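**Student:** I'd like to ask some things about the structure below.
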Amino acid sequence: MGYTGLRIHHHPVLTFRRGREVTIYFEGEPIKAFEGEALAAALYAAGHKILRYSPKHGRPRSVFCMIGKCGSCIVEVDGIAKRACQELVRDGMRVRRIKGYPVLKEAGGGAKPVEEVEAEALIIGGGPAGLAAAEVLGTHGVRTLIVDDSHRLGGQLIKQTHRFFGSRELFAGLRGFQIAEKYEEKIRSFESVDVLLRTTAIGVFKEGVFAVGEERNYVLRAGTYLVATGAVENYLPFENNDLPGVMGAGAAQTLMNVWGVLPGKRPLIVGAGNVGLIVAYQLLQAGAKPAAIVEAAPRIGGWFVHAAKVRRYGVPIYVRHTIVAAHGEEGVEAATIAEVDERWRPIPGTEKTIECDAVLLAVGLTPNVDLLRQFGAKTKYVPELGGLTALRTEYLETTVPGVYVAGDVAGVEEATTAIIEGWIAGYSMLMKLRGERDEWMKERERLLKLLKTYRSSPVSARVRAGLEKVIIGGEEVA
Amino acid sequence: MRAGVAIIGGGSTGLFTAYYLRRLGYEGEVIILDRSYLGSGSTGRCAGGIRASFTSEVHVALMRESIKEWLRLRNEAGLPFRQSGYLWLLTTEELVKQHEALQRLHNRLGVPTRMLYGEEVLSVVPSMKLGDVIAALHDPTAGKISPLKTVWIMRRNLLKLGVKILEYVGVEGIVTKEGEAVTLKLSGGGEVDIEDSVIVAAGYWSKELLRPLGYEPPLKGDPHHLMITEKYAPFLEPLVIHKASGSYIVQVGSGGVILGTEYPVPENDLSIHLGFIGRAVRYMSRYFPQILDANLLRVWTGYYIKTPDHHPIIGRVPGYSNIYLATGYSGHGFMMAPIVGKELANYVMKGKPGLPETRKLVPERYERGELLEEKAIFG
Ligand SMILES: Cc1cc2nc3c(=O)[nH]c(=O)nc-3n(C[C@H](O)[C@H](O)[C@H](O)COP(=O)(O)OP(=O)(O)OC[C@H]3O[C@@H](n4cnc5c(N)ncnc54)[C@H](O)[C@@H]3O)c2cc1C
Ligand SMILES: Cc1cc2nc3c(=O)[nH]c(=O)nc-3n(C[C@H](O)[C@H](O)[C@H](O)COP(=O)(O)OP(=O)(O)OC[C@H]3O[C@@H](n4cnc5c(N)ncnc54)[C@H](O)[C@@H]3O)c2cc1C
Ligand code: FES
């Protein structure tokens with residue numbers, strides 16, 4: 001396959017620092033790629049959307065999450081099954097598609113070494129919430145370790161090219177990725193804070209938190225823990241929803257804003273909340289032309305300014321519509337949308353077919369609570385906060401003493417509130433470790449007030465209602 | 001609510017008992033009650049291994065019969081039991097001698113196990129490395145089935161057979177009158193009036209249910225771990241056991257690879273230990289180095305419900321004419337469920353079990369000092 005035009009060469013705000021050009025082989029065919037980029041991005045850019053065939057029905061599959069969570073990108077790299085979105089390009093690597101299940105082969109490296117690490121504070125997740133907590137802990141010299149499965153600190157922020165809303169004092173009109181860069185610099189300046197990147201905390205065991213890294217695995221123990229693992233994207237059932245080109249909006253952002261590869265030239269976006277609108281705008285920035293945005297609700301959920309911007313560029317927004325099918329053989333070529341009734345059921349006879357080459361799902365996020373549950377923290381299903389989330393005190397301690405939450409995992413919200421929560425959790429952890437002090441208590445109360453101010457607007461009514469269901473008194477921390 | 005037979009516990013014991021009651025022609029109302037969801041006890045946590053290669057005559061005979069049922073149930077109940085065999089890896093001369101003797105026992109009781117020496121072992125599992133294995137005992141009648149699938153399929157079968165299944169309904173007490181169960185008290189305040197019998201199939205918690213009736217079965221909750229990887233192309237048919245360490249590996253029908261090992265933890269402590277993973281992988285990667293590159297999906301714990309002689313307690317509860325108990329399988333209760341279910345149905349309908357071996361498992365054996373012996377417990 002030749003030139004696809006999916007590589008982004010000019011971008012108004014981003015510069016892609018690509019590695020040197022190398023040659024890799026896909027199904028024996030040479031492909032130009034850049035060293036150090038995600039293998040999945042390189043293959044996608046070269047037009048190889050189909051990465052594997054599903055085991056039971058042999059259906060073609062491509063990237064869906066781009067963060068190592070879904071498994072739809074598993075390929076054979078030099079004979080070993082790997083997730084192409086997590087594997088970085090090396091010169092000469094040989095990649096094959098997998099039909100059925102991967103073959104389990106001996107890689108020859110033997111067992112990975114396991115390192116035991118003790119810290120005063122362990123922060124799982126280096127997004128805005130985790131970084132804010134680390135800032136407080138680092139400032140006070142607490143021995144802190146951050147683990148994050150991504151290759152860079154910043155969580156969702158590294159994928160955001162727009163200026164952040166609702167956060168004037170906090171980031172003064174910075175773009176998401178710039179906030180991440182600034183924060184990373186700051187965190188790296190603390191001597192007592194260590195960072196493990198490309199390291200996934202996979203489980204909480206009697207002996208500690210087990211984390212899997214590139215070269216080695218870790219058993220991590222600490223006096224206090226912060227779970228700041230963010231949220232995961234929701235999926236949507238419709239015909240052919242597994243066709244290559246159908247992916248989460250976050251995956252599309254990772255492809256285009258982290259790796260400089262367009263998910264498509266005319267993607268259809270499902271969902272007109274802030275995420276859907278922003279992704280549409282980011283696609284325009286990157287040189288694509290979204291085919292349309294469909295939204296099942298009668299109104300656009302995201303901020304008006306974002307919607308206006310997208311409309312100005314001529315992207316139609318269909319409210320009271322949903323996607324009912326994607327079409328295509330080896331990838332998305334079109335999609336059928338239809339009007340919905342007040343119970344969000346498609347109305348027969350209202351179908352329209354729209355030409356598009358990708359379908360991006362921006363239909364909400366769900367708190368990533370797995371580790372919290374493994375810690376034994378009590379969780380509760382709260383739709384207003386995105387699903388299951390942890391019961392916690394105002395100061396963000398869960399029902400397990402010494403285990404804290406902050407950010408989207410504590411309820412899907414925004415970076416501003418994630419940061420303030422991170423600070424609050426940071427002070428709570430500091431006092432758990434060092435004892436209470438007036439100035440710290442005062443600062444924490446000030447932050448609590450600040451958080452309330454941020455949440456006082458009508459936009460936050462839903463979040464406020466949700467929080468009422470999960471905030472518990474200190475005596476309930478078992 | 002009224003029931004002909006009320007079954008307390010929706011694990012493999014309860015499900016198969018209900019099934020065999022219908023198959024043997026029981027026409028009254030059959031109700032299964034579980035305080036959680038079906039399979040939430042040990043059943044949903046087990047490895048799904050099925051074998052007759054035990055070290056005691058009672059176990060060998062019961063499992064020989066149970067495997068006949070598993071085979072019949074493939075067509076009759078749609079259960080995808082796979083007769084893929086067990087392979088016991090032996091790494092010392094002493095173990096080899098022991099297993100040569102076991103083979104003779106098995107063969108005498110009609111279970112055609114055989115010894116394989118040296119390279120012969122690889123004929124059964126070509127994907128393995130021989131390492132320090134001297135010989136192996138192969139049980140070709142053994143096999144595997146997914147316990148979760150079994151629960152789902154049995155639920156469907158039972159609903160078709162008109163069995164009532166009540167989940168998230170716990171039994172809080174058994175009301176008796178003159179040595180007979182008359183009513184069950186349920187969580188939430190409901191009651192079930194008993195026409196014929198009560199089957200106590202509540203695993204470890206059977207103890208709590210029966211204590212107020214003056215009988216306390218000698219049970220211990222012994223936690224065991226298991227782990228499963230992501231799905232891979234088939235590379236391993238039989239369940240393979242490293243006898244010396246009590247470690248085992250089995251690839252299940254969906255492609256995941258399950259590993260288990262002996263990893264002693266305190267009684268009733270279900271927390272998950274990393275040390276378990278280390279030990280299981282250390283032993284089994286000697287013979288299957290490819291597992292070092294597998295992605296781990298889940299690790300969990302569950303109870304082996306153990307009795308003093310490592311044999312189940314099956315029979316009428318002492319002092320009561322219509323309450324039956326079956327538990328204490330010491331780690332092998334899933335594979336026995338068809339035969340145990342059949343025998344409990346026999347008890348209910350005929351007043352006695354069909355096999356002489358089942359009679360040896362009555363609760364009274366401990367008082368009488370008629371203990372049985374089983375040496376092959378692992379994982
Ligand atoms: C398109 C879009 C636009 C947005 N725009 C705005 C905006 O304009 N203003 C605003 O305030 N907010 C905005 N947000 C929301 C904001 O980005 C999030 O609310 C915020 O990033 C949440 O921060 P967090 O630290 O809780 O989680 P995240 O940023 O999601 O960070 C979690 C981190 O944890 C890591 N992680 C998860 N599990 C593990 C594990 N087991 N082991 C190791 N690491 C793990 C993840 O890789 C990630 O790096 C936007 C979000 C999106 C998607
Ligand atoms: C890690 C592990 C691996 C194993 N591997 C194997 C194997 O390979 N092969 C094999 O044959 N066996 C194996 N076993 C053993 C096997 O799981 C058990 O012997 C078997 O499942 C017991 O089934 P059961 O129905 O008697 O009990 P359970 O499955 O424990 O069912 C008891 C049920 O009773 C319910 N209950 C309890 N109290 C009440 C109450 N008061 N009211 C209502 N309901 C109640 C519980 O909710 C539960 O669902 C393994 C066990 C473990 C833990
Ligand atoms: S795991 Fe790679 S795309 Fe989801």
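Every chain in the structure tokens has a letter given in the order shown (A, B, ...), and although residue numbers restart at 1 in each chain, ligands are simply numbered from 1 in the order shown.
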Write out as a ChimeraX atom specification every residue belonging to chain A that has an atom at most 10 Å from any atom of chain B, counting only C-alpha atoms.
**Tutor:** /A:55,71,80-82,99-112,202-210,219,374
**Student:** Could you give me, as a tab-separated table, a per-residue list for chain A showing, wherever an atom lies at most 8 Å from an atom of ligand 3, the closest pair of atoms and their distance in Å to one decimal, using only C-alpha atoms and all ligand atoms and sorting by chain then residue number from low to high?
**Tutor:**
```
residue	atom	partner	partner_atom_place_in_ligand_line	distance
A:Ala40	CA	ligand 3	2 (Fe)	7.5
A:Ser62	CA	ligand 3	3 (S)	7.0
A:Val63	CA	ligand 3	3 (S)	3.8
A:Phe64	CA	ligand 3	3 (S)	4.4
A:Cys65	CA	ligand 3	4 (Fe)	4.0
A:Met66	CA	ligand 3	3 (S)	3.9
A:Ile67	CA	ligand 3	4 (Fe)	5.7
A:Gly68	CA	ligand 3	1 (S)	3.4
A:Lys69	CA	ligand 3	1 (S)	4.4
A:Cys70	CA	ligand 3	4 (Fe)	3.8
A:Gly71	CA	ligand 3	1 (S)	4.0
A:Ser72	CA	ligand 3	4 (Fe)	5.4
A:Cys73	CA	ligand 3	2 (Fe)	4.5
A:Ile74	CA	ligand 3	2 (Fe)	6.8
A:Arg83	CA	ligand 3	2 (Fe)	5.2
A:Ala84	CA	ligand 3	2 (Fe)	5.8
A:Cys85	CA	ligand 3	2 (Fe)	4.3
A:Gln86	CA	ligand 3	2 (Fe)	6.6
A:Ala251	CA	ligand 3	3 (S)	7.5
```
**Student:** Against ligand 1, which residues of chain A fall within 7 Å? For each one I want the closest pair of atoms and the distance in Å (one decimal), counting only C-alpha atoms and all ligand atoms, rows by chain and increasing residue number, as CSV.
**Tutor:**
```
residue,atom,partner,partner_atom_place_in_ligand_line,distance
A:Ile124,CA,ligand 1,43 (C),5.5
A:Gly125,CA,ligand 1,34 (O),3.1
A:Gly126,CA,ligand 1,33 (C),4.9
A:Gly127,CA,ligand 1,31 (O),3.4
A:Pro128,CA,ligand 1,25 (O),4.0
A:Ala129,CA,ligand 1,25 (O),3.8
A:Gly130,CA,ligand 1,25 (O),5.5
A:Val147,CA,ligand 1,43 (C),5.3
A:Asp148,CA,ligand 1,44 (N),3.4
A:Asp149,CA,ligand 1,44 (N),4.1
A:Ser150,CA,ligand 1,47 (O),4.9
A:Leu153,CA,ligand 1,49 (O),6.4
A:Gly154,CA,ligand 1,49 (O),5.9
A:Gly155,CA,ligand 1,49 (O),3.3
A:Gln156,CA,ligand 1,29 (O),3.8
A:Leu157,CA,ligand 1,17 (O),5.3
A:Gln160,CA,ligand 1,3 (C),6.2
A:His162,CA,ligand 1,8 (O),6.8
A:Arg163,CA,ligand 1,8 (O),6.4
A:Phe164,CA,ligand 1,8 (O),3.7
A:Phe165,CA,ligand 1,8 (O),4.4
A:Gly166,CA,ligand 1,11 (O),6.4
A:Ser167,CA,ligand 1,11 (O),6.5
A:Thr199,CA,ligand 1,43 (C),5.8
A:Thr200,CA,ligand 1,42 (N),3.7
A:Ala201,CA,ligand 1,42 (N),3.8
A:Ile202,CA,ligand 1,41 (N),5.4
A:Ala228,CA,ligand 1,26 (O),5.4
A:Thr229,CA,ligand 1,37 (C),3.7
A:Gly230,CA,ligand 1,27 (O),3.3
A:Ala231,CA,ligand 1,30 (O),5.5
A:Gly250,CA,ligand 1,53 (C),6.1
A:Asn274,CA,ligand 1,3 (C),6.4
A:Val275,CA,ligand 1,1 (C),3.9
A:Gly276,CA,ligand 1,1 (C),6.9
A:Ile278,CA,ligand 1,1 (C),5.5
A:Val279,CA,ligand 1,1 (C),5.9
A:Asn368,CA,ligand 1,38 (N),7.0
A:Leu371,CA,ligand 1,41 (N),7.0
A:Ala406,CA,ligand 1,26 (O),6.2
A:Gly407,CA,ligand 1,26 (O),3.2
A:Asp408,CA,ligand 1,26 (O),3.8
A:Val409,CA,ligand 1,26 (O),5.8
A:Val412,CA,ligand 1,19 (O),6.3
A:Glu413,CA,ligand 1,19 (O),4.9
A:Glu414,CA,ligand 1,19 (O),3.2
A:Ala415,CA,ligand 1,11 (O),3.5
A:Thr416,CA,ligand 1,11 (O),4.4
A:Thr417,CA,ligand 1,11 (O),6.9
A:Ala418,CA,ligand 1,23 (O),5.2
```
**Student:** Using only C-alpha atoms and all ligand atoms, which protein or nucleic acid residues are at most 6 Å from ligand 2, as number ranges by chain?
**Tutor:** B: 8-14, 33-36, 38-43, 45-50, 170-172, 201-203, 205, 224-226, 301-304, 327, 329, 331-335
**Student:** Within region 123-269 of chain B, find each residue whose DSSP state, derived from the backbone, is alpha helix (DSSP H), and express the selection as a list in words.
**Tutor:**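 Matching residues for alpha helix (DSSP H) in region 123-269 of chain B are Pro147, Leu148, Lys149, Thr150, Val151, Trp152, Ile153, Met154, Arg155, Arg156, Asn157, Leu158, Leu159, Lys160, Ser206, Lys207, Glu208, Leu209 and Leu210 of chain B.
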**Student:** I'd like the interatomic distance between CA of Glu119 (chain B) and CA of Ala244 (chain B), to a tenth of an Å.
**Tutor:**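 According to the coordinates, CA of Glu119 (chain B) and CA of Ala244 (chain B) are separated by 19.2 Å.
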**Student:** Go through A:Ala297, A:Val340, A:Ala280, A:Ala45 one by one, measure the shortest atom-to-atom distance of each to Gly314 (chain A) using only C-alpha atoms, and give the residue with the smallest value.
**Tutor:** A:Ala280
**Student:** Can you measure CA of Lys306 (chain B) to CA of Pro223 (chain B) for me? One decimal in Å is fine.
**Tutor:**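 CA of Lys306 (chain B) sits 10.1 Å away from CA of Pro223 (chain B).
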**Student:** If we count only C-alpha atoms, what is near region 19-25 of chain A at a cut-off of 8 Å, once residues fewer than 4 positions away on the same chain are taken out, given as a PyMOL selection string?
**Tutor:** chain A and resi 29-37+89-95
**Student:** For Asp139 (chain B), please output as a list in words all residues within 8 Å (counting only C-alpha atoms; exclusion window: fewer than 4 positions along the same chain).
**Tutor:**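 Answer for this query is Arg51, Ala52, Ser53, Gly85, Tyr86, Leu87, Val111, Pro112, Thr113 and Arg114 of chain B.
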**Student:** Since we have the selection now, will you write its residues out, keeping N, CA and C atoms, as a CSV table (one decimal), in the first residue's frame?
**Tutor:**
```csv
chain,number,residue,atom,x,y,z
B,51,ARG,N,-10.9,-36.1,36.8
B,51,ARG,CA,-10.0,-37.2,36.6
B,51,ARG,C,-10.4,-38.4,37.6
B,52,ALA,N,-10.0,-39.6,37.2
B,52,ALA,CA,-10.3,-40.7,38.1
B,52,ALA,C,-9.0,-41.2,38.7
B,53,SER,N,-7.9,-40.6,38.4
B,53,SER,CA,-6.6,-41.1,38.9
B,53,SER,C,-6.3,-40.6,40.3
B,85,GLY,N,-7.5,-35.7,29.0
B,85,GLY,CA,-6.5,-36.5,29.8
B,85,GLY,C,-5.8,-35.6,30.9
B,86,TYR,N,-5.1,-36.4,31.8
B,86,TYR,CA,-4.2,-35.8,32.8
B,86,TYR,C,-2.9,-36.4,32.7
B,87,LEU,N,-1.8,-35.6,33.0
B,87,LEU,CA,-0.5,-36.1,32.9
B,87,LEU,C,0.3,-35.7,34.2
B,111,VAL,N,-9.8,-48.2,35.5
B,111,VAL,CA,-9.3,-46.9,35.0
B,111,VAL,C,-8.0,-47.1,34.2
B,112,PRO,N,-8.0,-47.0,32.9
B,112,PRO,CA,-6.8,-47.4,32.1
B,112,PRO,C,-5.6,-46.4,32.1
B,113,THR,N,-5.1,-46.1,33.3
B,113,THR,CA,-3.9,-45.2,33.3
B,113,THR,C,-2.7,-46.0,32.8
B,114,ARG,N,-1.7,-45.3,32.4
B,114,ARG,CA,-0.4,-46.0,32.0
B,114,ARG,C,0.8,-45.1,32.3
```
**Student:** Using the chain letters and numbers from this document, which residues of region 158-338 of chain B does DSSP assign to strand (DSSP E), as an MDAnalysis selection string?
**Tutor:** chainID B and resid 164:166 171:177 180:186 191:200 220:229 239:242 247:251 257:260 296:306 313:316 323:327
**Student:** Could you tell me how far CA of Phe375 (chain A) sits from CA of Lys207 (chain B), in Å to one decimal place?
**Tutor:**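 Taking CA of Lys207 (chain B) and CA of Phe375 (chain A), their separation equals 29.7 Å.
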